[in-house]
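The data block below is final_39.tsv; it holds TSV, C-alpha atoms.
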```
chain	number	residue	atom	x	y	z
A	1	MET	CA	37.82	-4.66	-21.58
A	2	PHE	CA	34.32	-3.72	-22.68
A	3	GLU	CA	34.14	-1.66	-25.80
A	4	GLY	CA	32.47	1.59	-24.86
A	5	GLY	CA	32.91	0.99	-21.16
A	6	PHE	CA	31.14	-1.12	-18.57
A	7	ARG	CA	28.25	1.29	-18.06
A	8	GLN	CA	27.31	1.38	-21.72
A	9	VAL	CA	27.57	-2.39	-22.14
A	10	LEU	CA	25.57	-2.99	-18.98
A	11	ARG	CA	22.84	-0.64	-20.15
A	12	ARG	CA	22.69	-2.21	-23.56
A	13	GLU	CA	22.35	-5.70	-22.17
A	14	VAL	CA	19.96	-4.84	-19.36
A	15	ASP	CA	17.79	-2.82	-21.73
A	16	GLY	CA	17.54	-5.98	-23.79
A	17	ILE	CA	15.68	-7.82	-21.05
A	18	PRO	CA	12.12	-8.30	-22.33
A	19	LEU	CA	9.33	-6.62	-20.44
A	20	PRO	CA	6.05	-8.20	-19.45
A	21	ALA	CA	3.00	-7.13	-21.43
A	22	GLU	CA	1.90	-3.69	-20.29
A	23	ASP	CA	-1.35	-5.00	-18.85
A	24	GLU	CA	0.72	-7.05	-16.42
A	25	TRP	CA	2.58	-4.09	-14.98
A	26	VAL	CA	-0.07	-3.18	-12.44
A	27	PRO	CA	-1.06	-5.83	-9.88
A	28	ARG	CA	-4.22	-7.71	-10.61
A	29	VAL	CA	-5.19	-10.40	-8.08
A	30	ALA	CA	-4.06	-11.76	-4.74
A	31	SER	CA	-4.18	-15.16	-3.15
A	32	SER	CA	-5.77	-14.07	0.09
A	33	GLY	CA	-6.82	-11.32	2.36
A	34	PHE	CA	-7.42	-7.64	2.12
A	35	GLY	CA	-3.97	-7.14	3.51
A	36	ALA	CA	-2.56	-8.18	0.20
A	37	PHE	CA	-4.38	-5.28	-1.45
A	38	ALA	CA	-4.39	-7.07	-4.71
A	39	LEU	CA	-5.57	-5.11	-7.65
A	40	VAL	CA	-7.53	-6.08	-10.70
A	41	ALA	CA	-6.04	-3.92	-13.38
A	42	GLY	CA	-8.83	-4.36	-15.84
A	43	ALA	CA	-11.35	-3.31	-13.22
A	44	THR	CA	-9.42	-0.33	-11.96
A	45	ALA	CA	-11.38	2.36	-13.69
A	46	VAL	CA	-14.70	0.73	-12.94
A	47	ALA	CA	-13.91	0.18	-9.29
A	48	LEU	CA	-12.62	3.70	-8.84
A	49	LEU	CA	-15.74	5.00	-10.39
A	50	LEU	CA	-17.79	2.86	-8.05
A	51	GLY	CA	-15.78	4.23	-5.19
A	52	VAL	CA	-16.34	7.80	-6.19
A	53	VAL	CA	-20.02	7.21	-6.72
A	54	THR	CA	-20.35	5.48	-3.40
A	55	LEU	CA	-18.32	7.89	-1.34
A	56	THR	CA	-19.53	11.11	-2.80
A	57	GLY	CA	-23.03	10.24	-3.77
A	58	ALA	CA	-22.23	11.38	-7.30
A	59	ARG	CA	-24.43	10.02	-10.02
A	60	LEU	CA	-23.30	8.22	-13.08
A	61	PRO	CA	-24.57	9.72	-16.29
A	62	GLN	CA	-27.43	7.56	-17.47
A	63	GLY	CA	-29.56	7.17	-20.54
A	64	PRO	CA	-32.99	8.73	-20.71
A	65	ALA	CA	-34.63	5.54	-19.51
A	66	ALA	CA	-32.78	5.65	-16.21
A	67	GLU	CA	-34.23	8.67	-14.52
A	68	GLU	CA	-33.27	7.72	-10.98
A	69	PRO	CA	-30.11	5.61	-10.97
A	70	ALA	CA	-29.63	3.59	-7.82
A	71	ARG	CA	-26.72	4.20	-5.49
A	72	VAL	CA	-24.14	1.47	-5.85
A	73	THR	CA	-24.25	-0.21	-2.47
A	74	PRO	CA	-22.47	-2.28	-1.54
A	75	PRO	CA	-19.63	-2.40	-4.06
A	76	ALA	CA	-18.00	-5.57	-5.27
A	77	ARG	CA	-16.79	-8.06	-2.69
A	78	PRO	CA	-14.05	-10.64	-2.72
A	79	THR	CA	-14.86	-13.52	-5.01
A	80	VAL	CA	-13.35	-16.94	-5.33
A	81	ILE	CA	-12.73	-18.05	-8.88
A	82	ASP	CA	-11.06	-21.38	-9.57
A	83	GLY	CA	-9.99	-21.57	-5.96
A	84	ARG	CA	-8.29	-18.21	-6.03
A	85	LYS	CA	-9.57	-15.25	-4.08
A	86	ILE	CA	-10.01	-12.18	-6.24
A	87	ILE	CA	-9.87	-8.96	-4.27
A	88	PRO	CA	-11.53	-5.94	-5.88
A	89	VAL	CA	-9.60	-2.73	-6.22
A	90	PRO	CA	-9.46	-0.80	-2.97
A	91	ILE	CA	-10.79	2.74	-2.79
A	92	LEU	CA	-8.54	5.63	-1.99
A	93	TYR	CA	-10.55	7.98	0.20
A	94	ARG	CA	-9.17	11.49	0.44
A	95	ASN	CA	-10.41	14.01	2.93
A	96	THR	CA	-9.19	17.32	1.62
A	97	GLN	CA	-10.88	19.35	4.34
A	98	PHE	CA	-9.04	17.73	7.22
A	99	ASN	CA	-6.12	16.39	5.23
A	100	TYR	CA	-6.07	12.67	5.72
A	101	ASN	CA	-6.36	9.66	3.43
A	102	LEU	CA	-7.49	6.09	3.88
A	103	VAL	CA	-7.44	3.05	1.67
A	104	LEU	CA	-10.73	1.21	1.98
A	105	PRO	CA	-11.65	-2.23	0.74
A	106	ALA	CA	-13.92	-1.93	-2.28
A	107	TRP	CA	-16.82	-3.34	-0.32
A	108	PHE	CA	-16.83	-0.43	2.10
A	109	HIS	CA	-18.65	2.83	1.56
A	110	GLU	CA	-19.32	5.99	3.50
A	111	SER	CA	-22.48	5.79	5.53
A	112	GLU	CA	-25.04	8.53	5.25
A	113	ALA	CA	-25.65	8.32	8.99
A	114	VAL	CA	-23.03	10.83	9.96
A	115	ALA	CA	-24.84	13.41	12.08
A	116	GLY	CA	-23.27	14.39	15.38
A	117	LEU	CA	-25.12	14.60	18.67
A	118	PRO	CA	-25.94	17.89	20.41
A	119	SER	CA	-23.63	16.80	23.19
A	120	GLU	CA	-20.67	16.90	20.82
A	121	PRO	CA	-20.16	20.60	20.08
A	122	ALA	CA	-16.44	20.09	19.44
A	123	LEU	CA	-17.14	17.63	16.66
A	124	LEU	CA	-16.07	19.11	13.33
A	125	GLU	CA	-16.71	16.13	11.14
A	126	ARG	CA	-17.70	12.50	11.43
A	127	LYS	CA	-17.35	9.92	8.72
A	128	ILE	CA	-18.57	6.38	9.15
A	129	PHE	CA	-17.22	3.75	6.80
A	130	THR	CA	-19.21	0.58	6.64
A	131	ALA	CA	-19.55	-2.62	4.69
A	132	ARG	CA	-23.22	-2.89	5.54
A	133	SER	CA	-26.05	-2.52	3.10
A	134	ASP	CA	-28.42	0.39	3.65
A	135	ALA	CA	-31.01	-2.00	5.02
A	136	ASP	CA	-28.57	-3.54	7.47
A	137	GLU	CA	-27.41	-0.13	8.62
A	138	GLY	CA	-30.94	0.67	9.67
A	139	ARG	CA	-30.68	-1.85	12.49
A	140	PHE	CA	-28.11	0.23	14.33
A	141	GLY	CA	-28.12	3.54	16.09
A	142	GLN	CA	-25.05	5.30	17.49
A	143	VAL	CA	-23.46	1.98	18.44
A	144	ARG	CA	-22.41	0.38	15.20
A	145	PRO	CA	-20.15	-2.62	15.62
A	146	TRP	CA	-17.79	-3.46	12.77
A	147	ASP	CA	-17.98	0.04	11.28
A	148	LEU	CA	-15.09	2.49	11.28
A	149	PHE	CA	-15.68	5.97	12.69
A	150	VAL	CA	-13.32	8.74	11.66
A	151	GLU	CA	-13.90	11.98	13.51
A	152	VAL	CA	-12.23	15.35	13.77
A	153	TYR	CA	-12.69	17.38	16.95
A	154	ARG	CA	-11.54	20.79	18.05
A	155	ARG	CA	-8.78	20.10	20.56
A	156	GLU	CA	-10.05	22.61	23.14
A	157	GLY	CA	-6.91	22.27	25.21
A	158	ARG	CA	-7.58	18.73	26.26
A	159	SER	CA	-4.92	16.03	26.30
A	160	LEU	CA	-5.10	13.02	24.04
A	161	GLU	CA	-5.86	10.87	27.07
A	162	GLU	CA	-8.76	13.12	27.98
A	163	TRP	CA	-10.04	12.86	24.44
A	164	ALA	CA	-9.77	9.09	24.63
A	165	GLY	CA	-12.06	9.13	27.64
A	166	ALA	CA	-14.42	11.54	25.94
A	167	VAL	CA	-14.91	9.32	22.91
A	168	GLY	CA	-15.40	6.04	24.71
A	169	CYS	CA	-12.22	4.84	26.33
A	170	ASN	CA	-13.47	4.71	29.91
A	171	ARG	CA	-10.73	3.73	32.28
A	172	SER	CA	-12.91	2.08	34.90
A	173	GLY	CA	-15.77	-0.32	34.70
A	174	PRO	CA	-18.73	-0.47	37.03
A	175	VAL	CA	-16.75	-2.34	39.65
A	176	GLY	CA	-13.56	-0.41	39.20
A	177	ALA	CA	-11.93	-2.79	36.78
A	178	SER	CA	-10.12	-1.20	33.87
A	179	THR	CA	-12.06	-1.58	30.65
A	180	CYS	CA	-9.82	0.47	28.41
A	181	ALA	CA	-6.02	0.42	28.36
A	182	LEU	CA	-4.15	3.36	26.87
A	183	THR	CA	-0.79	3.34	25.14
A	184	THR	CA	1.08	6.29	23.70
A	185	THR	CA	2.72	5.96	20.31
A	186	ARG	CA	3.40	7.82	17.10
A	187	ILE	CA	1.40	7.42	13.94
A	188	ARG	CA	2.71	8.91	10.71
A	189	GLY	CA	4.95	11.16	12.74
A	190	ALA	CA	2.17	12.46	14.97
A	191	THR	CA	1.75	11.75	18.66
A	192	ALA	CA	-1.11	9.36	19.26
A	193	VAL	CA	-2.86	7.45	21.98
A	194	ILE	CA	-4.39	4.06	21.36
A	195	GLY	CA	-7.15	2.82	23.60
A	196	THR	CA	-7.94	-0.87	23.66
A	197	ARG	CA	-11.39	-1.31	25.07
A	198	THR	CA	-12.82	-4.51	26.44
A	199	ALA	CA	-16.25	-3.35	27.51
A	200	PRO	CA	-19.02	-2.54	26.95
A	201	LEU	CA	-18.15	-3.00	23.29
A	202	ALA	CA	-14.68	-4.36	22.59
A	203	GLY	CA	-12.70	-2.36	20.13
A	204	LYS	CA	-9.98	0.21	19.61
A	205	ILE	CA	-9.76	3.97	19.64
A	206	TYR	CA	-6.94	5.91	18.01
A	207	ILE	CA	-6.53	9.54	19.03
A	208	ILE	CA	-4.06	11.43	16.88
A	209	ASP	CA	-2.67	14.87	17.63
A	210	ARG	CA	-3.38	17.30	14.81
A	211	GLY	CA	-2.42	20.54	16.52
A	212	ASP	CA	-5.58	22.39	17.49
A	213	GLN	CA	-7.60	19.38	16.41
A	214	VAL	CA	-7.61	15.68	17.15
A	215	LEU	CA	-8.29	12.97	14.64
A	216	VAL	CA	-10.12	9.99	16.07
A	217	LEU	CA	-10.45	6.60	14.45
A	218	ARG	CA	-12.46	4.04	16.35
A	219	TYR	CA	-14.34	0.86	15.92
A	220	GLY	CA	-16.10	-1.72	18.02
A	221	VAL	CA	-16.39	-5.41	17.36
A	222	GLY	CA	-19.70	-6.96	18.25
A	223	ASP	CA	-20.81	-10.51	18.18
A	224	GLU	CA	-20.59	-12.56	15.05
A	225	SER	CA	-24.28	-12.19	14.30
A	226	ASN	CA	-23.72	-8.50	13.64
A	227	ARG	CA	-20.58	-8.89	11.59
A	228	PRO	CA	-20.93	-7.98	7.92
A	229	PRO	CA	-19.42	-10.41	5.42
A	230	ASP	CA	-15.73	-9.90	4.64
A	231	VAL	CA	-15.16	-7.66	7.65
A	232	THR	CA	-12.97	-8.70	10.54
A	233	GLU	CA	-11.04	-6.76	13.10
A	234	ALA	CA	-8.00	-7.27	10.88
A	235	THR	CA	-9.87	-5.53	8.05
A	236	LEU	CA	-10.54	-2.51	10.24
A	237	GLU	CA	-6.97	-2.44	11.49
A	238	GLU	CA	-5.72	-2.63	7.93
A	239	ILE	CA	-7.75	0.43	7.02
A	240	ILE	CA	-6.34	2.29	10.00
A	241	ARG	CA	-2.81	1.28	9.07
A	242	SER	CA	-3.40	2.79	5.63
A	243	LEU	CA	-4.00	6.21	7.17
A	244	GLY	CA	-2.04	8.97	5.54
A	245	LEU	CA	-1.72	12.41	7.10
A	246	VAL	CA	-1.20	15.21	4.64
B	247	MET	CA	5.23	13.86	-3.02
B	248	PRO	CA	1.70	15.03	-2.28
B	249	GLN	CA	-0.76	12.18	-1.98
B	250	PRO	CA	-1.25	11.23	-5.62
B	251	THR	CA	-4.48	10.02	-7.09
B	252	ARG	CA	-4.45	6.45	-8.31
B	253	GLU	CA	-4.19	7.70	-11.89
B	254	GLN	CA	-1.24	9.93	-11.06
B	255	TRP	CA	0.53	7.18	-9.18
B	256	GLU	CA	-0.08	4.65	-11.94
B	257	ARG	CA	1.29	7.06	-14.53
B	258	LEU	CA	4.46	7.67	-12.52
B	259	TYR	CA	4.81	3.97	-11.83
B	260	ARG	CA	4.41	3.04	-15.48
B	261	GLU	CA	7.04	5.56	-16.51
B	262	GLU	CA	9.54	3.96	-14.18
B	263	PHE	CA	8.44	0.35	-14.65
B	264	PRO	CA	10.75	-0.70	-17.52
B	265	ARG	CA	13.94	0.44	-15.84
B	266	ILE	CA	13.05	-0.81	-12.38
B	267	TYR	CA	11.76	-4.14	-13.65
B	268	ARG	CA	14.90	-4.81	-15.63
B	269	ALA	CA	17.06	-3.74	-12.73
B	270	LEU	CA	15.20	-6.13	-10.45
B	271	VAL	CA	15.53	-8.98	-12.92
B	272	MET	CA	19.27	-8.44	-12.91
B	273	VAL	CA	19.45	-8.40	-9.13
B	274	LEU	CA	16.93	-11.12	-8.31
B	275	ARG	CA	17.53	-13.18	-11.46
B	276	ASP	CA	13.89	-14.15	-11.40
B	277	ARG	CA	11.20	-12.50	-13.52
B	278	GLU	CA	8.29	-13.53	-11.34
B	279	ARG	CA	9.88	-12.21	-8.20
B	280	ALA	CA	10.79	-8.99	-9.98
B	281	LEU	CA	7.22	-8.49	-11.14
B	282	ASP	CA	5.73	-9.45	-7.78
B	283	ALA	CA	8.10	-7.08	-6.05
B	284	LEU	CA	7.10	-4.23	-8.32
B	285	HIS	CA	3.45	-5.00	-7.71
B	286	ASP	CA	4.13	-4.73	-4.00
B	287	ALA	CA	5.82	-1.39	-4.55
B	288	PHE	CA	2.86	-0.14	-6.58
B	289	THR	CA	0.48	-1.06	-3.79
B	290	GLU	CA	2.75	0.41	-1.16
B	291	GLY	CA	2.87	3.64	-3.14
B	292	LEU	CA	-0.90	3.87	-3.09
B	293	ARG	CA	-0.92	3.51	0.65
B	294	ARG	CA	2.18	5.45	1.58
B	295	PRO	CA	3.54	7.44	-1.34
B	296	PRO	CA	7.16	8.56	-1.42
B	297	ARG	CA	8.06	11.73	0.41
B	298	ASP	CA	8.50	14.96	-1.51
B	299	ASP	CA	12.25	14.78	-1.32
B	300	GLU	CA	12.60	11.15	-2.33
B	301	ASN	CA	13.98	10.04	-5.65
B	302	LEU	CA	11.13	8.08	-7.23
B	303	THR	CA	13.43	5.65	-9.00
B	304	GLY	CA	15.28	5.00	-5.77
B	305	TRP	CA	12.07	4.64	-3.80
B	306	LEU	CA	10.58	2.09	-6.19
B	307	PHE	CA	13.83	0.15	-6.33
B	308	ARG	CA	14.14	0.12	-2.55
B	309	VAL	CA	10.57	-0.93	-1.84
B	310	ALA	CA	10.52	-3.52	-4.61
B	311	LEU	CA	13.89	-4.91	-3.63
B	312	ARG	CA	12.70	-5.30	-0.07
B	313	GLY	CA	9.68	-7.25	-1.27
B	314	GLY	CA	11.73	-9.26	-3.73
B	315	ARG	CA	14.17	-10.31	-1.08
B	316	ARG	CA	11.39	-11.60	1.06
B	317	GLY	CA	10.65	-13.81	-1.86
B	318	LEU	CA	7.04	-12.84	-1.90
B	319	ARG	CA	5.10	-14.78	-4.42
B	320	ARG	CA	1.49	-14.47	-5.13
B	321	ALA	CA	-0.89	-16.81	-6.72
B	322	ALA	CA	-1.68	-13.81	-8.85
B	323	SER	CA	1.54	-14.33	-10.69
B	324	SER	CA	-0.02	-17.18	-12.60
B	325	ALA	CA	-1.17	-14.54	-15.02
B	326	THR	CA	2.38	-13.46	-15.51
B	327	ARG	CA	3.89	-16.84	-16.10
B	328	ALA	CA	3.44	-16.48	-19.83
B	329	VAL	CA	5.43	-13.30	-19.82
B	330	ALA	CA	8.37	-13.03	-22.12
B	331	GLY	CA	9.23	-16.57	-22.84
B	332	SER	CA	10.77	-19.00	-20.43
B	333	ASN	CA	10.33	-18.20	-16.82
B	334	THR	CA	12.18	-20.51	-14.56
B	335	ARG	CA	15.01	-19.13	-12.54
B	336	ASP	CA	17.52	-21.52	-14.07
B	337	GLU	CA	16.59	-20.61	-17.64
B	338	LEU	CA	16.76	-16.93	-16.90
B	339	ALA	CA	20.07	-17.32	-15.13
B	340	GLU	CA	21.41	-19.21	-18.11
B	341	ALA	CA	20.28	-16.46	-20.45
B	342	LEU	CA	21.88	-13.83	-18.26
B	343	ASP	CA	25.04	-15.84	-18.03
B	344	ARG	CA	25.28	-15.91	-21.80
B	345	ALA	CA	25.32	-12.12	-21.75
B	346	GLU	CA	28.66	-10.54	-21.08
B	347	VAL	CA	27.48	-8.42	-18.20
B	348	GLY	CA	25.17	-11.10	-16.89
B	349	ARG	CA	28.09	-13.47	-16.48
B	350	LEU	CA	30.00	-10.90	-14.47
B	351	MET	CA	27.00	-10.07	-12.35
B	352	ALA	CA	26.58	-13.73	-11.50
B	353	MET	CA	29.95	-13.53	-9.75
B	354	LEU	CA	28.60	-10.99	-7.28
B	355	THR	CA	26.54	-11.31	-4.16
B	356	ALA	CA	22.95	-10.11	-4.39
B	357	ARG	CA	23.86	-6.99	-2.44
B	358	GLN	CA	26.79	-6.21	-4.70
B	359	ARG	CA	24.63	-6.77	-7.77
B	360	ALA	CA	21.96	-4.45	-6.43
B	361	MET	CA	24.46	-1.68	-5.75
B	362	VAL	CA	26.14	-2.08	-9.13
B	363	ILE	CA	22.79	-1.93	-10.89
B	364	ALA	CA	21.73	1.05	-8.79
B	365	GLU	CA	24.85	2.98	-9.72
B	366	TYR	CA	25.55	1.90	-13.28
B	367	TYR	CA	22.05	1.28	-14.60
B	368	LEU	CA	19.71	3.42	-12.52
B	369	ASP	CA	22.23	6.25	-12.20
B	370	LEU	CA	21.55	6.65	-8.51
B	371	ASP	CA	24.24	8.46	-6.59
B	372	GLN	CA	25.92	6.87	-3.62
B	373	GLU	CA	23.87	8.89	-1.16
B	374	ASP	CA	20.68	7.47	-2.65
B	375	ILE	CA	22.12	3.97	-2.68
B	376	ALA	CA	23.11	4.33	0.95
B	377	ARG	CA	19.54	5.31	1.81
B	378	ILE	CA	18.15	2.36	-0.13
B	379	PHE	CA	20.25	-0.10	1.78
B	380	GLY	CA	20.24	1.72	5.08
B	381	VAL	CA	24.01	1.93	5.23
B	382	GLN	CA	26.67	4.62	5.30
B	383	ARG	CA	27.89	6.07	2.06
B	384	GLY	CA	31.34	4.66	2.81
B	385	THR	CA	29.86	1.18	2.93
B	386	VAL	CA	28.38	1.71	-0.52
B	387	ALA	CA	31.73	2.84	-1.87
B	388	ALA	CA	33.46	-0.15	-0.33
B	389	THR	CA	30.88	-2.62	-1.60
B	390	LEU	CA	31.10	-1.20	-5.11
B	391	ALA	CA	34.88	-1.39	-4.98
B	392	GLN	CA	34.66	-5.04	-3.94
B	393	ALA	CA	32.20	-5.73	-6.74
B	394	ARG	CA	34.46	-4.14	-9.32
B	395	ALA	CA	37.42	-6.07	-8.02
B	396	ARG	CA	35.52	-9.31	-8.24
B	397	MET	CA	34.38	-8.57	-11.79
B	398	ARG	CA	37.95	-7.82	-12.77
B	399	THR	CA	38.84	-11.33	-11.78
B	400	GLY	CA	36.35	-12.36	-14.42
B	401	GLY	CA	38.63	-10.81	-16.98
B	402	GLN	CA	36.89	-7.48	-17.55
B	403	ASP	CA	38.14	-4.02	-16.78
B	404	VAL	CA	35.31	-2.41	-14.83
```
Show me this structure written as structure tokens.
Amino acid sequence: MFEGGFRQVLRREVDGIPLPAEDEWVPRVASSGFGAFALVAGATAVALLLGVVTLTGARLPQGPAAEEPARVTPPARPTVIDGRKIIPVPILYRNTQFNYNLVLPAWFHESEAVAGLPSEPALLERKIFTARSDADEGRFGQVRPWDLFVEVYRREGRSLEEWAGAVGCNRSGPVGASTCALTTTRIRGATAVIGTRTAPLAGKIYIIDRGDQVLVLRYGVGDESNRPPDVTEATLEEIIRSLGLV
Amino acid sequence: MPQPTREQWERLYREEFPRIYRALVMVLRDRERALDALHDAFTEGLRRPPRDDENLTGWLFRVALRGGRRGLRRAASSATRAVAGSNTRDELAEALDRAEVGRLMAMLTARQRAMVIAEYYLDLDQEDIARIFGVQRGTVAATLAQARARMRTGGQDV
């Protein structure tokens, strides 16, 4: 029989197991892919700061010599060191106005090209997350392949399917062929419709029921010549999978 | 819980780390897998934090255990290989076997070990343990009874 009882002996012995050094407790690097979401502990604070600066346009305090600090664009990208891919710390983007969150790769930032069109009176907010540099962004207008659009619309009594059509999931092509297939699902407990579009720009559209609003996440994938480095369709899907609804 | 900031989540995670890590080492009998599994849980918590009504200890243990069972290993763990002395599974198992409790735990299945650790070390109640393993509470009670019976055959009154 254990002196003091099994629970006490177990605790004593388990509490004797040595711990890793504290700087090892938080994940640091990953072998591959954004999906691994590997974290560089030592760079956490720096990367978060970069994220905040990039997403909010906030300025870092600078010395007197730096009167006009440059915006940090784009942030750090994956780097291969000694054959191992180092993934920078992802950015947690929180939208407190419309109550959703996303985890973005560190090399994404919020585009400044967010204005709606006059033909979109129900649009409450549009955010565009991109991995492009400012100069590269200038090449594109409203059609921006490989960027993620996150939009909030007033519902206005329309169904999710109707919203899918309104934001680009057209069910018929010029010769009657279907160019966008719809499926109904649930995302984070909310009813959602997913449109998979094949033309004119292949991509996906997620329409999520938010009561008297709808949350839309959409992206298109263009040809390779327009694809920013370190962005694939899997990257965009990974961001969408990180969606949190508050 | 409400969506925590990274700092909030890291603080909560660090508070729980010692207990969960040690619990995982006992269950998985592998330090690298325990650490990798906790890293997975940290990342998962950033993406999908526990619900308001979830026991944080139980949530971390569940998510980490799920990752640990998949045997996820990352190249990143090279940085952890210097952690706390010897690191191979056999050496750790030998060290655990030298411990009184470790020897008894080695007699159990991984599932029995996990439930014993959850109840006796993490102080989770059987409802929480049932949620962690996705089983009925009665199954937890039966598994724990089997574990105790098996440990008794090892000569200890549990």
Å distance separating CA of Pro105 in chain A from CA of Ile91 in chain A, one decimal place: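 Rounded to one decimal, the two atoms are 6.2 Å apart.
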Shell of 7 Å around range 268-271 of chain B, all atoms listed in the file, local chain residues under 2 positions omitted, as a PyMOL selection string: (chain A and resi 14+17) or (chain B and resi 264-266+273-277+280+363)
Residue contacts of range 253-262 of chain B (8 Å, only C-alpha atoms) excluding same-chain residues fewer than 4 positions away, as an MDAnalysis selection string: (chainID A and resid 25:26) or (chainID B and resid 266 288 291:292 303)
Surrounding residues of Asp286 in chain B excluding itself and chain neighbours under 5 positions, 8 Å, only C-alpha atoms, as a PyMOL selection string: (chain A and resi 27) or (chain B and resi 309-310+313)
Generate a file of the selected residues that holds C-alpha atoms, formatted as an mmCIF file, in the frame of the given file.
```
data_model
loop_
_atom_site.group_PDB
_atom_site.id
_atom_site.type_symbol
_atom_site.label_atom_id
_atom_site.label_comp_id
_atom_site.auth_asym_id
_atom_site.auth_seq_id
_atom_site.Cartn_x
_atom_site.Cartn_y
_atom_site.Cartn_z
ATOM 1 C CA PRO A 27 -1.060 -5.830 -9.880
ATOM 2 C CA VAL B 309 10.570 -0.930 -1.840
ATOM 3 C CA ALA B 310 10.520 -3.520 -4.610
ATOM 4 C CA GLY B 313 9.680 -7.250 -1.270
#
```
For Tyr206 in chain A: contacts at 6 Å, all atoms listed in the file, fewer than 3 positions along chain excluded, given as a compact mmCIF listing (two decimals) with C-alpha atoms, in the coordinates of the input:
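As written to disk, around.txt reads:
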```
# COMPACT_ATOMS: atom_id res chain seq x y z
CA VAL A 193 -2.86 7.45 21.98
CA ILE A 194 -4.39 4.06 21.36
CA VAL A 216 -10.12 9.99 16.07
CA LEU A 217 -10.45 6.60 14.45
```
CA of Glu22 in chain A to CA of Pro250 in chain B, straight-line distance in Å: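 Atom-to-atom, CA of Pro250 in chain B and CA of Glu22 in chain A are spaced 21.2 Å apart.
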Nearby residues, (-14.3, 10.2, 25.6) file frame, 12 Å, only C-alpha atoms, as a ChimeraX atom specification: /A:119-120,122-123,153,158-171,180,195,197,205-207,216,218
Nearest to chain A, chosen from B:Gln382, B:Ile375, B:Arg398, B:Arg279, with all atoms listed in the file counted in the distances: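 When distances to chain A are compared using all atoms listed in the file, the smallest one comes from B:Arg398.
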Length of the CA of Met272 in chain B to CA of Gln372 in chain B vector [Å]: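 About the pair CA of Met272 in chain B and CA of Gln372 in chain B: they are 19.1 Å apart.
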Report as lines of an AutoDock Vina configuration file the centre and the edge lengths, in Å to one decimal, of the axis-aligned box holding every listed atom of range 386-393 of chain B, padded by 3 Å on each side.
```
center_x = 31.6
center_y = -1.4
center_z = -3.5
size_x = 12.5
size_y = 14.6
size_z = 12.4
```
Residue nearest chain A among B:Ala356, B:Val347, B:Leu302, B:Ala287 (counting all atoms listed in the file):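 The answer is B:Val347, which sits nearest to chain A.
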Residue with smallest distance to chain A - pool B:Met361, B:Ala387, B:Leu311, B:Ala283, counting all atoms listed in the file: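 Of B:Met361, B:Ala387, B:Leu311, B:Ala283, the one nearest chain A is B:Ala283, counting all atoms listed in the file.
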Export range 206-217 of chain A of the preceding structure, keeping N, CA and C atoms, as a CSV table (one decimal), in the first residue's frame.
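Output contents, as saved in part03.csv:
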```
chain,number,residue,atom,x,y,z
A,206,TYR,N,-18.3,32.0,-49.5
A,206,TYR,CA,-18.9,31.5,-48.3
A,206,TYR,C,-19.9,32.6,-47.8
A,207,ILE,N,-21.2,32.2,-47.7
A,207,ILE,CA,-22.2,33.1,-47.2
A,207,ILE,C,-22.7,32.6,-45.9
A,208,ILE,N,-22.5,33.4,-44.8
A,208,ILE,CA,-22.9,32.9,-43.5
A,208,ILE,C,-24.0,33.7,-42.9
A,209,ASP,N,-25.0,33.0,-42.4
A,209,ASP,CA,-26.1,33.7,-41.7
A,209,ASP,C,-25.7,34.3,-40.4
A,210,ARG,N,-25.9,35.6,-40.3
A,210,ARG,CA,-25.7,36.3,-39.1
A,210,ARG,C,-26.9,37.1,-38.7
A,211,GLY,N,-28.1,36.4,-38.8
A,211,GLY,CA,-29.3,37.1,-38.4
A,211,GLY,C,-29.7,38.1,-39.4
A,212,ASP,N,-29.8,39.4,-39.0
A,212,ASP,CA,-30.2,40.4,-40.0
A,212,ASP,C,-29.0,40.9,-40.9
A,213,GLN,N,-27.9,40.1,-40.8
A,213,GLN,CA,-26.8,40.4,-41.6
A,213,GLN,C,-26.3,39.1,-42.2
A,214,VAL,N,-25.5,39.2,-43.3
A,214,VAL,CA,-24.8,38.1,-43.8
A,214,VAL,C,-23.3,38.4,-43.8
A,215,LEU,N,-22.5,37.4,-43.5
A,215,LEU,CA,-21.1,37.5,-43.5
A,215,LEU,C,-20.6,36.8,-44.8
A,216,VAL,N,-19.8,37.5,-45.6
A,216,VAL,CA,-19.4,36.9,-46.9
A,216,VAL,C,-17.9,36.8,-46.9
A,217,LEU,N,-17.4,35.6,-47.1
A,217,LEU,CA,-15.9,35.5,-47.4
A,217,LEU,C,-15.8,34.9,-48.8
```
